[in-house]
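Colleague: Structure file protein.pdb, PDB, C-alpha atoms, is pasted below:
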ATOM      1  CA  MET R 131      26.854 -31.349 -35.436
ATOM      2  CA  PHE R 132      26.829 -30.709 -31.674
ATOM      3  CA  GLY R 133      24.029 -28.204 -32.113
ATOM      4  CA  LEU R 134      26.288 -25.507 -33.531
ATOM      5  CA  PHE R 135      23.774 -24.427 -36.149
ATOM      6  CA  SER R 136      20.565 -24.940 -34.239
ATOM      7  CA  LYS R 137      18.538 -21.920 -33.189
ATOM      8  CA  LYS R 138      18.638 -21.026 -29.555
ATOM      9  CA  GLN R 139      15.252 -20.771 -27.994
ATOM     10  CA  PRO R 140      14.696 -17.685 -25.861
ATOM     11  CA  PRO R 141      13.998 -18.461 -22.229
ATOM     12  CA  PRO R 142      10.288 -18.721 -21.501
ATOM     13  CA  GLU R 143       8.757 -15.477 -20.275
ATOM     14  CA  GLN R 144       7.727 -15.374 -16.677
ATOM     15  CA  PRO R 145       3.989 -14.899 -16.285
ATOM     16  CA  ARG R 146       3.153 -11.301 -15.441
ATOM     17  CA  GLN R 147       1.078 -10.466 -12.407
ATOM     18  CA  LEU R 148      -1.848  -8.336 -13.462
ATOM     19  CA  PRO R 149      -2.346  -5.838 -12.104
ATOM     20  CA  PRO R 150       1.378  -5.340 -11.448
ATOM     21  CA  VAL R 151       2.490  -5.543  -7.833
ATOM     22  CA  PRO R 152       5.698  -4.826  -5.951
ATOM     23  CA  ASP R 153       8.161  -7.592  -5.318
ATOM     24  CA  TRP R 154       8.568  -6.467  -1.693
ATOM     25  CA  ARG R 155       6.074  -7.730   0.868
ATOM     26  CA  PRO R 156       7.388  -6.195   4.086
ATOM     27  CA  GLN R 157       7.477  -8.467   7.105
ATOM     28  CA  ILE R 158       7.286  -5.309   9.214
ATOM     29  CA  ILE R 159       4.013  -5.146  11.100
ATOM     30  CA  GLN R 160       2.348  -1.873  11.943
ATOM     31  CA  PRO R 161       0.025  -2.147  14.957
ATOM     32  CA  LEU R 162      -3.551  -1.953  13.680
ATOM     33  CA  GLU R 163      -4.901  -0.528  16.928
ATOM     34  CA  ARG R 164      -2.560   2.466  16.524
ATOM     35  CA  ILE R 165      -3.528   2.886  12.871
ATOM     36  CA  VAL R 166      -7.203   2.857  13.895
ATOM     37  CA  GLU R 167      -6.544   5.375  16.682
ATOM     38  CA  ARG R 168      -4.643   7.747  14.356
ATOM     39  CA  LEU R 169      -7.260   7.498  11.591
ATOM     40  CA  ARG R 170     -10.009   8.193  14.124
ATOM     41  CA  PHE R 171      -8.023  11.274  15.204
ATOM     42  CA  TYR R 172      -7.414  12.442  11.600
ATOM     43  CA  THR R 173     -11.139  12.150  10.809
ATOM     44  CA  ASN R 174     -12.085  13.913  14.067
ATOM     45  CA  GLY R 175     -14.087  10.818  14.977
ATOM     46  CA  ALA R 176     -16.701  11.895  12.429
ATOM     47  CA  ARG R 177     -16.368   9.132   9.811
ATOM     48  CA  ASP R 178     -16.917   5.390   9.650
ATOM     49  CA  PHE R 179     -14.037   3.437   8.128
ATOM     50  CA  ALA R 180     -12.969  -0.131   7.520
ATOM     51  CA  VAL R 181      -9.428  -1.354   8.112
ATOM     52  CA  PHE R 182      -7.885  -4.269   6.264
ATOM     53  CA  GLU R 183      -5.452  -6.845   7.647
ATOM     54  CA  HIS R 184      -2.312  -4.876   6.692
ATOM     55  CA  GLY R 185      -3.676  -1.489   7.745
ATOM     56  CA  THR R 186      -5.196  -0.092   4.551
ATOM     57  CA  ALA R 187      -8.363   1.849   5.328
ATOM     58  CA  ALA R 188     -11.471   2.760   3.361
ATOM     59  CA  ILE R 189     -13.716   5.625   4.434
ATOM     60  CA  LEU R 190     -17.346   4.477   4.479
ATOM     61  CA  PRO R 191     -20.642   6.226   3.811
ATOM     62  CA  GLU R 192     -22.850   6.547   6.881
ATOM     63  CA  GLY R 193     -25.492   4.006   7.746
ATOM     64  CA  LEU R 194     -23.985   0.835   6.303
ATOM     65  CA  SER R 195     -24.363  -2.471   8.113
ATOM     66  CA  ASP R 196     -21.154  -4.361   8.850
ATOM     67  CA  GLY R 197     -21.714  -6.564   5.796
ATOM     68  CA  GLU R 198     -22.406  -3.581   3.540
ATOM     69  CA  ALA R 199     -19.391  -1.766   4.996
ATOM     70  CA  THR R 200     -17.139  -4.726   4.242
ATOM     71  CA  LYS R 201     -18.429  -4.971   0.657
ATOM     72  CA  HIS R 202     -18.038  -1.225   0.147
ATOM     73  CA  ALA R 203     -14.447  -1.258   1.467
ATOM     74  CA  GLU R 204     -13.510  -4.290  -0.640
ATOM     75  CA  LEU R 205     -14.958  -2.694  -3.781
ATOM     76  CA  ALA R 206     -13.147   0.606  -3.131
ATOM     77  CA  LEU R 207      -9.826  -1.218  -2.664
ATOM     78  CA  HIS R 208     -10.508  -3.327  -5.768
ATOM     79  CA  ARG R 209     -11.055  -0.143  -7.790
ATOM     80  CA  VAL R 210      -7.770   1.346  -6.591
ATOM     81  CA  PHE R 211      -5.860  -1.863  -7.306
ATOM     82  CA  HIS R 212      -7.325  -2.385 -10.782
ATOM     83  CA  ALA R 213      -6.637   1.183 -11.901
ATOM     84  CA  HIS R 214      -3.276   2.882 -11.644
ATOM     85  CA  PRO R 215      -2.844   3.218  -7.874
ATOM     86  CA  ASP R 216      -1.976   6.906  -7.827
ATOM     87  CA  MET R 217      -0.874   7.900  -4.377
ATOM     88  CA  ASN R 218      -0.888  11.222  -2.611
ATOM     89  CA  PRO R 219       1.382  10.977   0.456
ATOM     90  CA  MET R 220       1.057  13.706   3.085
ATOM     91  CA  ASN R 221       3.195  14.475   6.114
ATOM     92  CA  MET R 222       0.985  14.688   9.166
ATOM     93  CA  LYS R 223       1.750  17.002  12.108
ATOM     94  CA  ASP R 224       2.509  13.992  14.335
ATOM     95  CA  GLY R 225       5.251  12.759  11.968
ATOM     96  CA  ASN R 226       3.214   9.980  10.365
ATOM     97  CA  ILE R 227       2.583   9.814   6.616
ATOM     98  CA  LEU R 228      -0.965   9.438   5.330
ATOM     99  CA  ILE R 229      -1.086   8.027   1.806
ATOM    100  CA  GLN R 230      -4.335   8.776   0.023
ATOM    101  CA  TYR R 231      -5.591   6.889  -3.028
ATOM    102  CA  ASN R 232      -8.733   7.292  -5.091
ATOM    103  CA  HIS R 233     -12.095   5.968  -3.833
ATOM    104  CA  ASP R 234     -11.494   7.161  -0.231
ATOM    105  CA  VAL R 235      -8.797   4.545   0.409
ATOM    106  CA  ALA R 236      -5.682   5.341   2.451
ATOM    107  CA  SER R 237      -2.615   3.835   4.082
ATOM    108  CA  LEU R 238      -0.814   5.165   7.115
ATOM    109  CA  VAL R 239       2.902   4.941   7.820
ATOM    110  CA  LEU R 240       3.661   5.238  11.529
ATOM    111  CA  SER R 241       6.819   7.277  12.123
ATOM    112  CA  ASP R 242       8.129   5.178  14.996
ATOM    113  CA  VAL R 243       7.735   1.973  12.932
ATOM    114  CA  VAL R 244       9.782   3.641  10.177
ATOM    115  CA  ASP R 245      12.431   4.731  12.692
ATOM    116  CA  GLN R 246      12.748   1.194  14.054
ATOM    117  CA  ASN R 247      12.980  -0.326  10.557
ATOM    118  CA  TRP R 248      14.693   2.388   8.534
ATOM    119  CA  ALA R 249      17.664   0.276   7.396
ATOM    120  CA  GLU R 250      15.336  -2.291   5.804
ATOM    121  CA  ILE R 251      13.032   0.336   4.278
ATOM    122  CA  ASP R 252      15.999   2.214   2.813
ATOM    123  CA  LYS R 253      17.484  -1.011   1.432
ATOM    124  CA  GLN R 254      14.223  -2.449   0.002
ATOM    125  CA  HIS R 255      12.417   0.639  -1.307
ATOM    126  CA  GLN R 256      13.172  -0.107  -4.993
ATOM    127  CA  ARG R 257      11.438  -3.466  -4.563
ATOM    128  CA  ALA R 258       8.342  -1.479  -3.506
ATOM    129  CA  LEU R 259       7.817  -0.405  -7.118
ATOM    130  CA  ALA R 260       5.259  -2.432  -9.031
ATOM    131  CA  THR R 261       6.494  -4.489 -11.981
ATOM    132  CA  SER R 262       7.810  -2.176 -14.758
ATOM    133  CA  GLU R 263       6.592   0.889 -12.849
ATOM    134  CA  VAL R 264       8.316   4.216 -13.368
ATOM    135  CA  LEU R 265       7.629   7.015 -10.912
ATOM    136  CA  ILE R 266       9.083  10.427 -11.595
ATOM    137  CA  SER R 267      10.255  12.369  -8.571
ATOM    138  CA  SER R 268      12.142  15.659  -8.344
ATOM    139  CA  LEU R 269      15.316  13.540  -8.147
ATOM    140  CA  GLY R 270      14.611  11.612 -11.359
ATOM    141  CA  HIS R 271      12.987   8.407 -12.563
ATOM    142  CA  ASN R 272      12.599   5.946  -9.668
ATOM    143  CA  VAL R 273      14.938   7.976  -7.466
ATOM    144  CA  PHE R 274      13.441   8.818  -4.082
ATOM    145  CA  ASP R 275      14.235  10.917  -1.062
ATOM    146  CA  ASP R 276      13.480   9.563   2.415
ATOM    147  CA  PHE R 277       9.858  10.766   2.249
ATOM    148  CA  GLY R 278       9.341   8.927  -1.044
ATOM    149  CA  LYS R 279      10.907   5.755   0.355
ATOM    150  CA  LYS R 280       8.540   5.867   3.330
ATOM    151  CA  ALA R 281       5.552   6.400   1.035
ATOM    152  CA  LEU R 282       6.554   3.433  -1.130
ATOM    153  CA  PHE R 283       6.878   1.327   2.029
ATOM    154  CA  GLY R 284       3.366   2.311   3.098
ATOM    155  CA  ARG R 285       1.956   1.643  -0.355
ATOM    156  CA  CYS R 286       3.218  -1.971  -0.141
ATOM    157  CA  PHE R 287       0.583  -2.623   2.521
ATOM    158  CA  MET R 288      -2.165  -1.419   0.171
ATOM    159  CA  PHE R 289      -0.950  -3.869  -2.471
ATOM    160  CA  MET R 290      -0.826  -6.673   0.093
ATOM    161  CA  ASP R 291      -4.361  -5.914   1.245
ATOM    162  CA  ALA R 292      -5.643  -5.613  -2.323
ATOM    163  CA  GLN R 293      -4.266  -9.024  -3.310
ATOM    164  CA  SER R 294      -5.921 -10.704  -0.360
ATOM    165  CA  PRO R 295      -8.579  -8.349   1.041
ATOM    166  CA  ARG R 296      -9.695  -9.091   4.572
ATOM    167  CA  VAL R 297     -11.448  -6.405   6.601
ATOM    168  CA  THR R 298     -10.470  -6.818  10.248
ATOM    169  CA  HIS R 299     -11.995  -3.682  11.815
ATOM    170  CA  ILE R 300     -15.037  -1.558  11.110
ATOM    171  CA  GLU R 301     -14.791   1.658  13.066
ATOM    172  CA  ARG R 302     -17.915   3.726  13.645
ATOM    173  CA  HIS R 303     -17.953   7.498  14.050
ATOM    174  CA  GLU R 304     -18.556   9.022  17.451
ATOM    175  CA  GLY R 305     -22.000  10.256  18.294
TER     176      GLY R 305
END
Using the file provided, produce a representation of the structure as structure tokens.

Modeller:
Amino acid sequence: MFGLFSKKQPPPEQPRQLPPVPDWRPQIIQPLERIVERLRFYTNGARDFAVFEHGTAAILPEGLSDGEATKHAELALHRVFHAHPDMNPMNMKDGNILIQYNHDVASLVLSDVVDQNWAEIDKQHQRALATSEVLISSLGHNVFDDFGKKALFGRCFMFMDAQSPRVTHIERHEG
């Protein structure tokens, strides 16, 4: 009678993205040429590295051809993405934040890009957490100071690159 005694069906579960990824895909663009220049400076021009479309970088062993370098960088990023992407953000002397991951993969957050886009970063930083992710900071579970918000913003680019890896630059060491 009017469905009063029928069982309600739970709503269908949304398919989960595996590995989990953040909901936020920033539209903010960091200039790759500046990321390359800063990474060259941070490595003292002594290392080869590959840079992906959204600025994630992978340090390369010496002597790889461009094809081998691309494969190496893609595999390193794949390994970070398919494990728990632990990050180690570091304040650099120039005000930028270098975010290191395992397998010699890193992201860089340019301080002036953050300054120009702080309102959006501050507003969206919770969306930079991967699905069901809990990060514990000194402020509590998923509570972040400005440094943590900037690091989460930078980590979004690693996730974007990992989901659709495309090496755009291979930088060779000086000498």

Colleague: Check which residues satisfy the PyMOL selection byres ((chain R and resi 231-235) around 8) in the file shown, then give them as a list in words.

Modeller: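 Those residues are Thr186, Ala187, Ala188, Ile189, Leu190, Ala206, Leu207, Arg209, Val210, Pro215, Asp216, Met217, Asn218, Ile229, Gln230, Ala236 and Ser237 of chain R.
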
Colleague: Expand the PyMOL selection byres ((chain R and resi 176) around 9) into the individual residues it matches in the shown file, reporting them as a list of chain:residue names.

Modeller: R:Arg170, R:Thr173, R:Asn174, R:Gly175, R:Arg177, R:Asp178, R:Arg302, R:His303, R:Glu304, R:Gly305

Colleague: Provide the CA of Pro219 in chain R to CA of Phe277 in chain R distance in Å, to one decimal place.

Modeller: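 Interatomic distance here is 8.7 Å.
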
Colleague: When the PyMOL selection byres ((chain R and resi 292) around 12) is applied to the file above, which residues end up in the set, as a PDB file with C-alpha atoms, in the coordinates of the input?

Modeller:
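Final output, result-v7.pdb:
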ATOM      1  CA  PRO R 149      -2.346  -5.838 -12.104  1.00  0.00           C
ATOM      2  CA  PRO R 150       1.378  -5.340 -11.448  1.00  0.00           C
ATOM      3  CA  VAL R 151       2.490  -5.543  -7.833  1.00  0.00           C
ATOM      4  CA  PRO R 152       5.698  -4.826  -5.951  1.00  0.00           C
ATOM      5  CA  VAL R 181      -9.428  -1.354   8.112  1.00  0.00           C
ATOM      6  CA  PHE R 182      -7.885  -4.269   6.264  1.00  0.00           C
ATOM      7  CA  GLU R 183      -5.452  -6.845   7.647  1.00  0.00           C
ATOM      8  CA  HIS R 184      -2.312  -4.876   6.692  1.00  0.00           C
ATOM      9  CA  GLY R 185      -3.676  -1.489   7.745  1.00  0.00           C
ATOM     10  CA  THR R 186      -5.196  -0.092   4.551  1.00  0.00           C
ATOM     11  CA  ALA R 187      -8.363   1.849   5.328  1.00  0.00           C
ATOM     12  CA  ALA R 188     -11.471   2.760   3.361  1.00  0.00           C
ATOM     13  CA  ALA R 203     -14.447  -1.258   1.467  1.00  0.00           C
ATOM     14  CA  GLU R 204     -13.510  -4.290  -0.640  1.00  0.00           C
ATOM     15  CA  LEU R 205     -14.958  -2.694  -3.781  1.00  0.00           C
ATOM     16  CA  ALA R 206     -13.147   0.606  -3.131  1.00  0.00           C
ATOM     17  CA  LEU R 207      -9.826  -1.218  -2.664  1.00  0.00           C
ATOM     18  CA  HIS R 208     -10.508  -3.327  -5.768  1.00  0.00           C
ATOM     19  CA  ARG R 209     -11.055  -0.143  -7.790  1.00  0.00           C
ATOM     20  CA  VAL R 210      -7.770   1.346  -6.591  1.00  0.00           C
ATOM     21  CA  PHE R 211      -5.860  -1.863  -7.306  1.00  0.00           C
ATOM     22  CA  HIS R 212      -7.325  -2.385 -10.782  1.00  0.00           C
ATOM     23  CA  ALA R 213      -6.637   1.183 -11.901  1.00  0.00           C
ATOM     24  CA  PRO R 215      -2.844   3.218  -7.874  1.00  0.00           C
ATOM     25  CA  VAL R 235      -8.797   4.545   0.409  1.00  0.00           C
ATOM     26  CA  ALA R 236      -5.682   5.341   2.451  1.00  0.00           C
ATOM     27  CA  SER R 237      -2.615   3.835   4.082  1.00  0.00           C
ATOM     28  CA  ARG R 285       1.956   1.643  -0.355  1.00  0.00           C
ATOM     29  CA  CYS R 286       3.218  -1.971  -0.141  1.00  0.00           C
ATOM     30  CA  PHE R 287       0.583  -2.623   2.521  1.00  0.00           C
ATOM     31  CA  MET R 288      -2.165  -1.419   0.171  1.00  0.00           C
ATOM     32  CA  PHE R 289      -0.950  -3.869  -2.471  1.00  0.00           C
ATOM     33  CA  MET R 290      -0.826  -6.673   0.093  1.00  0.00           C
ATOM     34  CA  ASP R 291      -4.361  -5.914   1.245  1.00  0.00           C
ATOM     35  CA  GLN R 293      -4.266  -9.024  -3.310  1.00  0.00           C
ATOM     36  CA  SER R 294      -5.921 -10.704  -0.360  1.00  0.00           C
ATOM     37  CA  PRO R 295      -8.579  -8.349   1.041  1.00  0.00           C
ATOM     38  CA  ARG R 296      -9.695  -9.091   4.572  1.00  0.00           C
ATOM     39  CA  VAL R 297     -11.448  -6.405   6.601  1.00  0.00           C
TER      40      VAL R 297
END

Colleague: Quick one: distance from CA of Gly225 in chain R to CA of Ile158 in chain R in Å, one decimal?

Modeller: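 Separating CA of Gly225 in chain R from CA of Ile158 in chain R is a distance of 18.4 Å.
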
Colleague: Could you tell me which of R:Ile165, R:Ala281, R:Ala180, R:Leu148 comes closest to Asn221 in chain R if we count all atoms listed in the file?

Modeller: R:Ala281

Colleague: How many Å lie between CA of Gln157 in chain R and CA of Asp275 in chain R, rounded to one decimal?

Modeller: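 It comes out at 22.1 Å.
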
Colleague: For Asn272 in chain R, please output as number ranges by chain all residues within 12 Å (counting only C-alpha atoms; exclusion window: fewer than 3 positions along the same chain).

Modeller: R: 255-260, 262-269, 275, 278-279, 282

Colleague: With all atoms listed in the file as the atoms that count, which of R:Phe274, R:Phe179, R:Phe283, R:Trp154 lies nearest to Leu238 in chain R?

Modeller: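 Ranking R:Phe274, R:Phe179, R:Phe283, R:Trp154 by distance to Leu238 in chain R, first place goes to R:Phe283.
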